[in-house]
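Visitor: My structure file entry_7.cif, mmCIF, C-alpha atoms, is below:
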data_input
#
loop_
_atom_site.label_atom_id
_atom_site.label_comp_id
_atom_site.auth_asym_id
_atom_site.auth_seq_id
_atom_site.Cartn_x
_atom_site.Cartn_y
_atom_site.Cartn_z
CA MET L 1 -83.07 18.44 228.69
CA ILE L 2 -84.45 21.62 230.20
CA PHE L 3 -82.23 24.68 229.68
CA SER L 4 -81.91 27.40 232.22
CA THR L 5 -82.47 31.04 231.34
CA PHE L 6 -78.70 31.59 231.20
CA GLN L 7 -78.24 28.70 228.77
CA ILE L 8 -81.07 29.87 226.49
CA VAL L 9 -79.61 33.39 226.38
CA ALA L 10 -76.16 31.93 225.69
CA ILE L 11 -77.46 29.86 222.76
CA LEU L 12 -79.22 32.89 221.28
CA LEU L 13 -76.05 34.98 221.67
CA ILE L 14 -73.96 32.31 219.95
CA ILE L 15 -76.40 32.23 217.01
CA PHE L 16 -76.34 36.04 216.83
CA PHE L 17 -72.54 36.14 216.87
CA LEU L 18 -72.33 33.43 214.17
CA VAL L 19 -74.65 35.48 211.94
CA LEU L 20 -72.39 38.51 212.41
CA SER L 21 -69.31 36.35 211.74
CA SER L 22 -70.85 35.14 208.47
CA PHE L 23 -71.72 38.71 207.57
CA PHE L 24 -68.18 40.01 208.11
CA SER L 25 -66.50 37.03 206.39
CA ALA L 26 -68.72 37.27 203.32
CA SER L 27 -68.24 41.05 203.15
CA GLU L 28 -64.46 40.64 203.30
CA THR L 29 -64.50 38.27 200.33
CA ALA L 30 -66.93 40.42 198.34
CA TYR L 31 -65.05 43.69 198.76
CA THR L 32 -61.61 42.13 198.32
CA GLY L 33 -62.51 40.44 195.04
CA LEU L 34 -64.93 42.87 193.43
CA SER L 35 -64.14 44.70 190.21
CA GLN L 36 -64.82 48.42 190.22
CA VAL L 37 -65.31 48.26 186.46
CA ARG L 38 -68.14 45.74 186.81
CA LEU L 39 -69.55 47.62 189.78
CA LYS L 40 -69.68 50.91 187.87
CA ALA L 41 -71.20 49.12 184.87
CA MET L 42 -74.12 48.07 187.12
CA ASP L 43 -75.06 51.74 187.60
CA PRO L 44 -73.79 53.84 184.66
CA ASP L 45 -76.10 56.74 185.53
CA GLY L 46 -75.11 56.85 189.22
CA ASN L 47 -78.69 56.60 190.48
CA ASP L 48 -78.44 53.38 192.49
CA ARG L 49 -77.69 54.32 196.12
CA ARG L 50 -76.43 50.86 197.03
CA VAL L 51 -73.95 50.76 194.15
CA GLN L 52 -72.67 54.24 194.95
CA ARG L 53 -72.33 53.35 198.66
CA ALA L 54 -70.44 50.15 197.74
CA LEU L 55 -68.06 52.21 195.58
CA ALA L 56 -67.56 54.70 198.40
CA ASN L 57 -66.82 51.88 200.84
CA HIS L 58 -64.29 50.38 198.46
CA GLU L 59 -62.56 53.73 197.93
CA ASP L 60 -61.64 53.76 201.64
CA PHE L 61 -60.42 50.18 201.49
CA ASP L 62 -57.94 50.31 204.38
CA ARG L 63 -60.60 51.48 206.81
CA LEU L 64 -63.12 49.03 205.33
CA LEU L 65 -60.82 46.01 205.74
CA THR L 66 -59.76 47.03 209.23
CA THR L 67 -63.42 47.39 210.29
CA ILE L 68 -64.31 43.97 208.89
CA LEU L 69 -61.36 42.25 210.58
CA VAL L 70 -61.96 43.98 213.91
CA GLY L 71 -65.66 43.15 213.82
CA ASN L 72 -65.01 39.54 212.81
CA ASN L 73 -62.48 39.02 215.58
CA ILE L 74 -64.78 40.59 218.20
CA VAL L 75 -67.78 38.38 217.35
CA ASN L 76 -65.65 35.23 216.99
CA THR L 77 -64.00 35.80 220.35
CA ALA L 78 -67.33 36.64 222.00
CA SER L 79 -69.04 33.56 220.54
CA SER L 80 -66.17 31.33 221.72
CA ALA L 81 -66.33 32.82 225.24
CA VAL L 82 -70.11 32.40 225.50
CA CYS L 83 -69.92 28.85 224.11
CA THR L 84 -67.25 27.93 226.66
CA ALA L 85 -69.42 29.25 229.51
CA LEU L 86 -72.40 27.31 228.13
CA MET L 87 -70.48 24.04 227.79
CA ILE L 88 -69.01 24.33 231.30
CA SER L 89 -72.51 24.89 232.70
CA LEU L 90 -73.65 21.68 230.98
CA TRP L 91 -70.56 19.48 231.34
CA PRO L 92 -68.17 20.98 233.90
CA GLU L 93 -65.36 18.45 233.33
CA TRP L 94 -65.30 18.50 229.52
CA GLY L 95 -66.84 21.90 228.85
CA THR L 96 -63.68 23.72 227.69
CA LEU L 97 -62.60 20.92 225.32
CA LEU L 98 -66.10 20.49 223.89
CA ALA L 99 -66.46 24.27 223.38
CA THR L 100 -63.11 24.42 221.57
CA LEU L 101 -63.95 21.57 219.20
CA LEU L 102 -67.47 22.82 218.61
CA MET L 103 -66.51 26.42 217.87
CA ILE L 104 -63.62 25.46 215.56
CA THR L 105 -66.02 23.36 213.49
CA VAL L 106 -68.95 25.77 213.53
CA LEU L 107 -66.86 28.89 212.89
CA LEU L 108 -65.08 27.27 209.94
CA ILE L 109 -68.28 26.00 208.32
CA VAL L 110 -70.82 28.69 209.27
CA GLY L 111 -68.56 31.69 209.87
CA GLU L 112 -65.89 31.29 207.16
CA ILE L 113 -66.16 28.72 204.36
CA THR L 114 -69.88 28.88 203.56
CA PRO L 115 -70.35 32.69 203.56
CA LYS L 116 -67.13 33.28 201.63
CA THR L 117 -68.12 30.70 199.02
CA ILE L 118 -71.52 32.36 198.58
CA ALA L 119 -70.00 35.86 198.34
CA LYS L 120 -67.35 34.72 195.84
CA ARG L 121 -70.00 33.72 193.30
CA ASN L 122 -70.93 37.34 192.69
CA GLU L 123 -68.81 39.82 194.62
CA GLU L 124 -70.38 42.95 193.15
CA ARG L 125 -74.02 42.08 193.90
CA PHE L 126 -73.21 40.91 197.42
CA ALA L 127 -71.15 44.05 198.08
CA CYS L 128 -74.16 46.14 197.06
CA ARG L 129 -76.50 44.19 199.36
CA VAL L 130 -74.29 44.76 202.41
CA ALA L 131 -73.15 48.25 201.41
CA PHE L 132 -75.14 50.15 204.03
CA PRO L 133 -74.68 47.62 206.90
CA ILE L 134 -70.93 47.72 206.27
CA HIS L 135 -71.03 51.52 206.20
CA TYR L 136 -72.81 51.62 209.58
CA SER L 137 -70.27 49.12 210.96
CA MET L 138 -67.46 51.40 209.80
CA VAL L 139 -69.09 54.27 211.70
CA VAL L 140 -69.76 52.31 214.91
CA LEU L 141 -66.37 50.59 215.03
CA PHE L 142 -64.42 53.65 213.92
CA PRO L 143 -62.88 54.41 217.36
CA ILE L 144 -61.47 50.87 217.58
CA SER L 145 -60.53 50.46 213.91
CA ARG L 146 -58.78 53.85 213.99
CA ILE L 147 -56.36 52.57 216.63
CA PHE L 148 -55.50 49.46 214.62
CA LEU L 149 -55.35 51.38 211.37
CA GLY L 150 -52.91 53.91 212.83
CA ALA L 151 -50.75 51.14 214.29
CA THR L 152 -50.71 49.29 210.96
CA ARG L 153 -49.69 52.39 209.03
CA GLY L 154 -46.95 53.14 211.56
CA ILE L 155 -45.52 49.64 211.25
CA THR L 156 -45.75 49.78 207.44
CA LYS L 157 -43.86 53.09 207.31
CA ALA L 158 -41.21 51.75 209.68
CA ILE L 159 -40.65 48.69 207.48
CA CYS L 160 -40.78 50.56 204.17
CA ARG L 161 -38.51 53.49 204.94
CA ASN L 162 -37.59 54.24 201.33
CA GLY L 163 -41.11 54.80 200.07
CA GLU L 164 -41.52 51.18 199.04
CA ASP L 165 -44.92 51.17 200.71
CA GLU L 166 -46.28 53.41 197.98
CA GLU L 167 -48.31 51.59 195.40
CA ALA L 168 -46.37 51.26 192.16
CA PRO L 169 -48.15 52.18 188.92
CA PRO L 170 -49.26 49.16 186.89
CA THR L 171 -46.80 47.83 184.31
CA ASP L 172 -47.72 47.32 180.66
CA MET L 173 -48.14 43.59 181.27
CA GLU L 174 -50.47 44.23 184.21
CA THR L 175 -52.47 46.74 182.20
CA THR L 176 -52.74 44.27 179.31
CA ALA L 177 -53.93 41.58 181.71
CA MET L 178 -56.59 43.94 183.10
CA ILE L 179 -57.76 44.78 179.57
CA ASP L 180 -58.02 41.06 178.75
CA GLU L 181 -60.09 40.51 181.89
CA ILE L 182 -62.41 43.40 181.06
CA LEU L 183 -62.79 42.08 177.49
CA GLU L 184 -63.74 38.64 178.79
CA GLU L 185 -66.32 40.21 181.10
CA GLY L 186 -68.02 41.75 178.08
CA THR L 187 -67.89 45.32 179.36
CA MET L 188 -65.62 46.46 176.51
CA GLU L 189 -66.07 46.23 172.75
CA ASP L 190 -63.31 44.66 170.68
CA GLN L 191 -62.80 47.95 168.82
CA GLU L 192 -62.23 49.78 172.10
CA ASN L 193 -59.82 47.05 173.15
CA GLN L 194 -57.77 47.49 169.96
CA LEU L 195 -57.70 51.27 170.40
CA ILE L 196 -56.38 51.00 173.97
CA ARG L 197 -53.72 48.48 172.93
CA SER L 198 -52.65 50.73 170.05
CA ALA L 199 -52.37 53.69 172.43
CA MET L 200 -50.20 51.60 174.79
CA GLN L 201 -47.90 50.55 171.95
CA PHE L 202 -47.79 54.11 170.59
CA ASP L 203 -45.41 55.23 173.35
CA ASP L 204 -43.03 52.33 172.66
CA LYS L 205 -42.38 53.20 169.01
CA ASN L 206 -39.98 55.66 167.43
CA VAL L 207 -40.78 57.78 164.41
CA CYS L 208 -38.33 55.76 162.29
CA ASP L 209 -40.60 52.71 162.76
CA ILE L 210 -43.50 54.20 160.78
CA CYS L 211 -42.03 56.84 158.47
CA VAL L 212 -42.01 56.55 154.69
CA PRO L 213 -38.41 55.52 153.83
CA ARG L 214 -36.17 57.86 151.91
CA VAL L 215 -36.29 55.81 148.70
CA ASP L 216 -40.11 56.06 148.60
CA ILE L 217 -40.30 59.83 149.11
CA ALA L 218 -41.96 61.60 146.17
CA ALA L 219 -40.59 65.15 146.14
CA VAL L 220 -40.06 68.05 143.75
CA SER L 221 -37.15 70.39 143.32
CA HIS L 222 -37.32 73.98 144.51
CA ASP L 223 -36.73 75.20 140.95
CA ALA L 224 -39.27 72.85 139.33
CA THR L 225 -41.61 74.36 136.80
CA VAL L 226 -45.36 74.55 137.22
CA GLU L 227 -45.85 71.80 134.64
CA GLU L 228 -43.36 69.53 136.42
CA ILE L 229 -45.19 70.03 139.72
CA LYS L 230 -48.55 69.34 138.04
CA ASN L 231 -47.18 66.10 136.63
CA ALA L 232 -45.80 65.14 140.04
CA PHE L 233 -49.18 65.67 141.72
CA ALA L 234 -50.96 63.80 138.91
CA THR L 235 -48.52 60.89 138.97
CA THR L 236 -48.29 60.38 142.74
CA GLU L 237 -51.86 61.47 143.61
CA PHE L 238 -50.48 62.79 146.90
CA SER L 239 -52.10 65.85 148.46
CA ARG L 240 -48.72 67.16 149.65
CA LEU L 241 -45.26 67.02 148.07
CA PRO L 242 -41.98 67.83 149.86
CA VAL L 243 -39.78 70.46 148.21
CA TYR L 244 -35.98 70.12 148.28
CA GLU L 245 -33.04 72.28 147.27
CA GLY L 246 -30.22 70.46 145.53
CA SER L 247 -30.89 66.99 146.95
CA ILE L 248 -33.45 65.10 149.01
CA ASP L 249 -31.24 65.66 152.07
CA ARG L 250 -32.16 69.33 152.03
CA ILE L 251 -35.95 69.47 152.23
CA VAL L 252 -37.16 73.03 152.83
CA GLY L 253 -40.95 72.59 153.01
CA TYR L 254 -43.88 71.11 151.15
CA LEU L 255 -46.45 72.09 148.55
CA SER L 256 -50.16 71.58 149.11
CA MET L 257 -52.13 70.33 146.11
CA LYS L 258 -55.14 72.48 147.03
CA ASP L 259 -53.13 75.69 147.41
CA PHE L 260 -51.06 74.96 144.32
CA PHE L 261 -53.94 74.44 141.91
CA LEU L 262 -56.01 77.23 143.48
CA ALA L 263 -53.15 79.66 142.91
CA ASP L 264 -52.62 78.31 139.40
CA VAL L 265 -56.29 78.79 138.49
CA THR L 266 -56.74 82.22 140.07
CA GLY L 267 -53.40 83.53 138.85
CA ALA L 268 -52.32 84.47 142.35
CA GLU L 269 -48.75 84.34 143.63
CA ALA L 270 -46.55 81.92 141.71
CA PRO L 271 -47.78 78.54 142.97
CA VAL L 272 -44.30 77.02 143.10
CA ARG L 273 -43.33 79.58 145.75
CA GLN L 274 -46.17 78.78 148.18
CA ILE L 275 -44.09 76.45 150.29
CA HIS L 276 -45.38 75.45 153.73
CA PRO L 277 -42.92 74.88 156.60
CA LEU L 278 -42.51 71.48 158.19
CA ARG L 279 -40.87 69.96 161.28
CA PHE L 280 -37.67 67.94 161.62
CA PHE L 281 -37.21 65.07 164.07
CA PRO L 282 -34.32 62.70 164.78
CA MET L 283 -35.14 59.12 163.85
CA THR L 284 -35.08 58.03 167.52
CA THR L 285 -37.83 60.47 168.60
CA GLY L 286 -40.83 58.75 170.19
CA LEU L 287 -44.17 58.83 168.40
CA ASP L 288 -45.87 60.51 171.36
CA ASP L 289 -43.36 63.40 171.22
CA VAL L 290 -43.73 63.75 167.44
CA PHE L 291 -47.52 63.71 167.68
CA ARG L 292 -47.55 66.30 170.45
CA GLU L 293 -45.16 68.66 168.65
CA MET L 294 -46.94 68.41 165.29
CA GLN L 295 -50.28 68.97 166.97
CA LYS L 296 -48.94 72.00 168.83
CA SER L 297 -47.37 73.53 165.71
CA GLN L 298 -50.39 72.59 163.53
CA MET L 299 -48.12 71.05 160.89
CA GLN L 300 -49.13 68.07 158.78
CA MET L 301 -45.75 66.81 157.63
CA ALA L 302 -42.31 66.25 159.15
CA VAL L 303 -38.89 65.10 157.98
CA VAL L 304 -37.16 62.28 159.85
CA LEU L 305 -33.39 62.78 160.06
CA ASP L 306 -30.72 60.10 160.32
CA ASP L 307 -27.70 60.23 162.61
CA TYR L 308 -25.81 62.40 160.10
CA GLY L 309 -28.52 64.99 159.53
CA GLY L 310 -29.61 63.54 156.19
CA THR L 311 -33.17 62.63 155.26
CA TYR L 312 -34.13 59.23 156.65
CA GLY L 313 -37.83 59.45 155.78
CA MET L 314 -41.06 61.39 155.97
CA VAL L 315 -44.01 61.18 158.34
CA THR L 316 -47.42 62.86 158.27
CA MET L 317 -50.08 63.44 160.87
CA GLU L 318 -52.18 60.82 159.08
CA ASP L 319 -49.40 58.25 159.59
CA LEU L 320 -49.44 58.96 163.32
CA LEU L 321 -53.23 58.70 163.58
CA GLU L 322 -53.19 55.40 161.68
CA GLU L 323 -50.94 53.95 164.38
CA LEU L 324 -53.78 54.61 166.82
CA VAL L 325 -56.95 53.87 164.87
CA GLY L 326 -55.74 51.72 161.98
CA GLU L 327 -55.58 52.48 158.27
CA ILE L 328 -57.48 55.58 157.12
CA TYR L 329 -58.70 55.50 153.52
CA ASP L 330 -60.40 58.11 151.40
CA GLU L 331 -62.11 57.81 148.03
CA SER L 332 -58.79 58.13 146.15
CA ASP L 333 -56.82 55.56 148.15
CA GLU L 334 -56.22 52.09 146.81
CA VAL L 335 -56.74 49.56 149.59
CA GLU L 336 -53.66 47.38 149.97
CA ARG L 337 -53.57 44.31 152.19
CA PRO L 338 -50.13 43.29 153.49
CA ILE L 339 -51.12 39.59 153.52
CA VAL L 340 -53.24 38.13 150.70
CA PRO L 341 -54.22 34.43 150.78
CA GLU L 342 -53.84 32.53 147.50
CA PRO L 343 -55.96 29.61 146.18
CA ASP L 344 -53.09 27.13 146.64
CA GLY L 345 -52.90 27.86 150.39
CA SER L 346 -49.88 30.15 150.20
CA PHE L 347 -49.83 33.88 150.97
CA THR L 348 -48.61 36.89 149.01
CA VAL L 349 -47.00 39.40 151.35
CA SER L 350 -45.82 42.96 150.73
CA GLY L 351 -42.05 43.36 150.90
CA ASP L 352 -42.52 46.32 153.22
CA ALA L 353 -44.67 44.35 155.68
CA ASN L 354 -43.43 43.72 159.22
CA ILE L 355 -41.86 40.24 159.24
CA PHE L 356 -42.66 39.79 162.94
CA GLU L 357 -46.35 40.63 162.45
CA VAL L 358 -46.58 38.41 159.36
CA MET L 359 -45.16 35.38 161.16
CA GLU L 360 -47.45 36.02 164.12
CA SER L 361 -50.47 36.25 161.82
CA LEU L 362 -49.50 32.93 160.25
CA GLY L 363 -49.17 31.37 163.69
CA GLN L 364 -45.48 30.54 163.25
CA GLU L 365 -42.63 30.94 165.69
CA PHE L 366 -39.93 33.33 164.49
CA ASP L 367 -36.36 33.88 165.64
CA CYS L 368 -34.84 36.84 163.81
CA GLY L 369 -31.30 36.15 164.95
CA GLU L 370 -29.21 39.31 164.57
CA PHE L 371 -31.57 40.88 162.04
CA GLY L 372 -31.87 44.56 162.92
CA SER L 373 -34.81 45.68 160.79
CA VAL L 374 -38.47 44.67 160.49
CA SER L 375 -39.40 44.43 156.79
CA VAL L 376 -39.90 41.19 154.89
CA GLY L 377 -37.62 42.38 152.09
CA GLY L 378 -34.91 43.36 154.54
CA TYR L 379 -35.05 39.96 156.22
CA ILE L 380 -34.75 38.16 152.87
CA SER L 381 -31.66 40.23 151.99
CA TYR L 382 -30.22 39.55 155.47
CA ARG L 383 -30.66 35.78 155.06
CA LEU L 384 -29.35 35.67 151.49
CA GLY L 385 -26.41 37.96 152.23
CA ARG L 386 -26.85 39.64 148.85
CA ILE L 387 -29.35 41.51 146.70
CA PRO L 388 -32.32 39.18 146.15
CA HIS L 389 -33.60 38.05 142.74
CA VAL L 390 -37.01 36.79 141.67
CA GLY L 391 -37.31 33.11 142.58
CA ASP L 392 -34.86 33.21 145.53
CA GLU L 393 -36.06 31.14 148.47
CA ILE L 394 -35.27 31.04 152.19
CA ARG L 395 -36.72 28.75 154.84
CA VAL L 396 -37.78 29.83 158.33
CA GLY L 397 -38.95 26.85 160.37
CA ARG L 398 -41.89 25.41 158.42
CA VAL L 399 -42.27 28.56 156.28
CA THR L 400 -40.72 28.88 152.82
CA ILE L 401 -40.38 32.49 151.66
CA THR L 402 -40.02 33.13 147.91
CA VAL L 403 -39.21 36.42 146.17
CA LYS L 404 -42.08 37.07 143.71
CA VAL L 405 -41.59 40.70 142.63
CA PHE L 406 -38.29 42.60 142.75
CA ARG L 407 -38.25 46.17 141.46
CA SER L 408 -36.06 49.24 142.01
CA ARG L 409 -33.59 47.15 144.05
CA ARG L 410 -36.31 46.19 146.54
CA VAL L 411 -38.44 43.16 147.24
CA ARG L 412 -41.97 44.30 146.46
CA GLU L 413 -43.79 41.00 147.00
CA ALA L 414 -42.88 37.68 148.56
CA GLY L 415 -44.70 34.36 148.75
CA PHE L 416 -45.11 32.60 152.10
CA ARG L 417 -45.83 28.86 152.05
CA ILE L 418 -46.39 26.89 155.25
CA ASP L 419 -45.07 23.37 154.75
CA PRO L 420 -46.68 20.42 156.57
CA PRO L 421 -44.85 19.19 159.67
CA ALA L 422 -42.26 16.47 159.24
CA PRO L 423 -43.30 12.91 160.27
CA ALA L 424 -41.09 13.16 163.36
CA GLU L 425 -42.92 16.34 164.44
CA GLU L 426 -46.32 14.70 163.89
CA GLU L 427 -45.32 11.72 166.05
CA THR L 428 -44.13 14.08 168.80
CA ASP L 429 -47.39 16.05 168.67
CA THR L 430 -49.39 12.80 168.87
CA GLU L 431 -47.43 11.61 171.89
CA ASN L 432 -47.95 14.93 173.66
#
Go through the file and emit its structure as C-alpha cells.
Guide:
Amino acid sequence: MIFSTFQIVAILLIIFFLVLSSFFSASETAYTGLSQVRLKAMDPDGNDRRVQRALANHEDFDRLLTTILVGNNIVNTASSAVCTALMISLWPEWGTLLATLLMITVLLIVGEITPKTIAKRNEERFACRVAFPIHYSMVVLFPISRIFLGATRGITKAICRNGEDEEAPPTDMETTAMIDEILEEGTMEDQENQLIRSAMQFDDKNVCDICVPRVDIAAVSHDATVEEIKNAFATTEFSRLPVYEGSIDRIVGYLSMKDFFLADVTGAEAPVRQIHPLRFFPMTTGLDDVFREMQKSQMQMAVVLDDYGGTYGMVTMEDLLEELVGEIYDESDEVERPIVPEPDGSFTVSGDANIFEVMESLGQEFDCGEFGSVSVGGYISYRLGRIPHVGDEIRVGRVTITVKVFRSRRVREAGFRIDPPAPAEEETDTEN
C-alpha cells in the first residue's frame, strides 16, 4: 500500500501525539505519588538542578496537575481527530469505527497503562528526568491552564462555603503512619523515630503521669539542723531536697546539695536558709506547659498539687527531659530495669511500672476494666480489692501476676508468668 503525503504526515502526527500522551500520563503518576522526603534525600546539599526543579514543580501542585491534564487531553483529542481523518481516507465506510477502536486500544496501552506503570516504579527519579520539560509545559500552557485552574477554584469555593476546602492538619494517626513509612524507606534512624514519637506523646500527658508520688518524696523540714540535712543528702543521694514547713503539703522551696555543702565548708550564710524557689502546677497541667514554664523561669523542680491544694508529687526538669529522650543516668545513678527476665521464663516487674506498657512488652492483650491508674501495684490492689500481701496472685488472660516484694504498704516487685495456651486455644490457632 502506497500512502499519500497526507497519510504519512497523519501517521507521524499520531506517533508524536502518542509520545506526548505517554509523557503527560507518566508525569502525572510520578508527581502524584512522589515523596518529598525521598526527593530531598536525593539532593541534601541542594546542588542538583533537576531535583530542585522537581521540588519547585511539586510545590505548585495545582498548576502542575492542571497543566498535565490539559496537555494530555489536547494531545489525546488531536491524535483521535487525526486518526479518524486517516482512517476515513483509507476506508471511507468504516473509518470512524476503526479509528475509535484503534485509538481506544492504543491510548490505553501506549498513552496510559504502560507509561504510568513505568513511572510508578520510581516516582522520584522519573519526576527529576521530566522536571524541566514539565516546567516548560507549565509555561507554554499557562494561559489555558489558568482558565481551568480559576474555574476549578471557583467551583471548589462555591461547594465548600464554610472553609472545608482548606487542608486540615494531619492527625496523630496520619503523622504516625508517615513516620512509619519514612522509617521503612530507610531515610530515618530508629533513634530519631523514637524521639519524634516521644515528642508526639509528650503533649498528650499530664504532669501527674510522670511525677514522683507524694509517698516517695524525700524532703526535709524547714527547721532541720545542718546534721539532719547532711544525713538526708547522704541517705537519699539526691542533688536537691524539697523543704517543707509543718507538713509535706506545705513545701516552700528546695535545697541544693552543691550550695548547701559549699556554704557549710566556707562558713557562709547558714546553709539551711539557702532555699531556692520552685513552681507549683495542678496535677492536670500538660507536660508541654510545665516544660515551657520551668524553662522560662529557669527552675529545676516543681510541686504537683492535687485537687485540694495538697502535695500530689514532685517533678524535675530531668523527669521532663527523660520523657523525650529516655532515661538519663549519671555516674551515681543505679540503673533499674522495670522488666527483668528470670531463668525460669518469668519476669520480675517493678511495682511502679506502667501495667499497660508491661503487658504490651510481653505481647499480651490487656483490658483494664474500670481501673483508673497505671501502676502494676495499683492494678493488683484493684483486682484484689484489698491491701496485697506477698504471695497473692491474680490472673489476666494467660498472665499470672504474683506479689514478690511488699514494703511500706506498696507492691515493690511483682512476678509475671505467661502460661501456655489451653488445648482449646491451640486447636483454634491451628484451624486458623
Visitor: Which residues are close to L:Ser22, i.e. within 9 Å by only C-alpha atoms, leaving aside same-chain residues fewer than 2 positions away? Reply as a list in words.
Guide: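 The contact residues come out as Phe17, Leu18, Val19, Leu20, Phe24, Ser25, Ala26, Ser27, Asn72, Leu107, Val110, Gly111, Glu112, Ile113, Thr114, Pro115 and Lys116 of chain L.
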Visitor: Excluding stretch 96-98 of chain L and residues on its chain fewer than 3 positions from it, collect all residues at most 7 Å away from it, counting all atoms listed in the file, and give them as a PyMOL selection string.
Guide: chain L and resi 84+87-88+101-102
Visitor: Smallest atom-to-atom distance to L:Val252: which of L:Ser21, L:Thr285, L:Asn47, L:Ser221, using only C-alpha atoms?
Guide: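 Closest to L:Val252, using only C-alpha atoms: L:Ser221.
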Visitor: Give as JSON, numbers by chain the residues that the PyMOL selection byres ((chain L and resi 352) around 10) matches when applied to the coordinates above.
Guide: {"L": [338, 349, 350, 351, 353, 354, 355, 374, 375, 376, 377, 378, 410, 411, 412, 413, 414]}
Visitor: Fewer than 5 positions away in the same chain doesn't count, so skip those; otherwise give me all residues within 10 Å of L:Val207, counting only C-alpha atoms, as a list in words.
Guide: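 Here the qualifying residues turn out to be Val212, Phe281, Pro282, Met283, Thr284, Thr285, Gly286, Leu287, Asp288, Asp289, Val290, Phe291, Val303, Val304, Leu305, Gly313, Met314, Val315, Asp319 and Leu320 of chain L.
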Visitor: Given the file shown, determine the residues that the PyMOL selection byres ((chain L and resi 386-389) around 9) selects; report them as a short mmCIF file (atom, residue, chain, number, x, y, z; two decimals) with C-alpha atoms, keeping the file's coordinate frame.
Guide:
data_model
loop_
_atom_site.label_atom_id
_atom_site.label_comp_id
_atom_site.auth_asym_id
_atom_site.auth_seq_id
_atom_site.Cartn_x
_atom_site.Cartn_y
_atom_site.Cartn_z
CA GLY L 377 -37.62 42.38 152.09
CA ILE L 380 -34.75 38.16 152.87
CA SER L 381 -31.66 40.23 151.99
CA TYR L 382 -30.22 39.55 155.47
CA ARG L 383 -30.66 35.78 155.06
CA LEU L 384 -29.35 35.67 151.49
CA GLY L 385 -26.41 37.96 152.23
CA VAL L 390 -37.01 36.79 141.67
CA GLY L 391 -37.31 33.11 142.58
CA ASP L 392 -34.86 33.21 145.53
CA VAL L 403 -39.21 36.42 146.17
CA LYS L 404 -42.08 37.07 143.71
CA VAL L 405 -41.59 40.70 142.63
CA PHE L 406 -38.29 42.60 142.75
CA ARG L 409 -33.59 47.15 144.05
CA ARG L 410 -36.31 46.19 146.54
CA VAL L 411 -38.44 43.16 147.24
#
Visitor: Mind telling me what the PyMOL selection byres ((chain L and resi 34) around 9) catches here, as a PyMOL selection string?
Guide: chain L and resi 29-33+35-39+120+122-124+127
Visitor: Could you jot down the atom CA of L:Ile339 to atom CA of L:Thr400 separation for me, Å, one decimal place?
Guide: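 Atom CA of L:Ile339 sits 14.9 Å away from atom CA of L:Thr400.
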Visitor: Of the candidates L:Thr266, L:Ser256, L:Ser137, L:Ser247, which shows the shortest atom-to-atom distance to L:Lys230, using all atoms listed in the file?
Guide: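 Of L:Thr266, L:Ser256, L:Ser137, L:Ser247, the one nearest L:Lys230, counting all atoms listed in the file, is L:Ser256.
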Visitor: Considering all atoms listed in the file, return as a ChimeraX atom specification whatever protein or nucleic-acid residues lie within 12 Å of L:Glu342, sequence-local ones (same chain, fewer than 6 positions apart) excluded.
Guide: /L:348-349,415-417
Visitor: For those residues, write C-alpha atoms to a file as a CSV table (one decimal), in the coordinates of the input.
Guide:
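Generated output (part-v6.csv):
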chain,number,residue,atom,x,y,z
L,348,THR,CA,-48.6,36.9,149.0
L,349,VAL,CA,-47.0,39.4,151.4
L,415,GLY,CA,-44.7,34.4,148.8
L,416,PHE,CA,-45.1,32.6,152.1
L,417,ARG,CA,-45.8,28.9,152.0
Visitor: Considering all atoms listed in the file, state which residue in the set L:Asn73, L:Thr100, L:Thr67, L:Ser80 is at the smallest distance from L:Met138.
Guide: L:Thr67
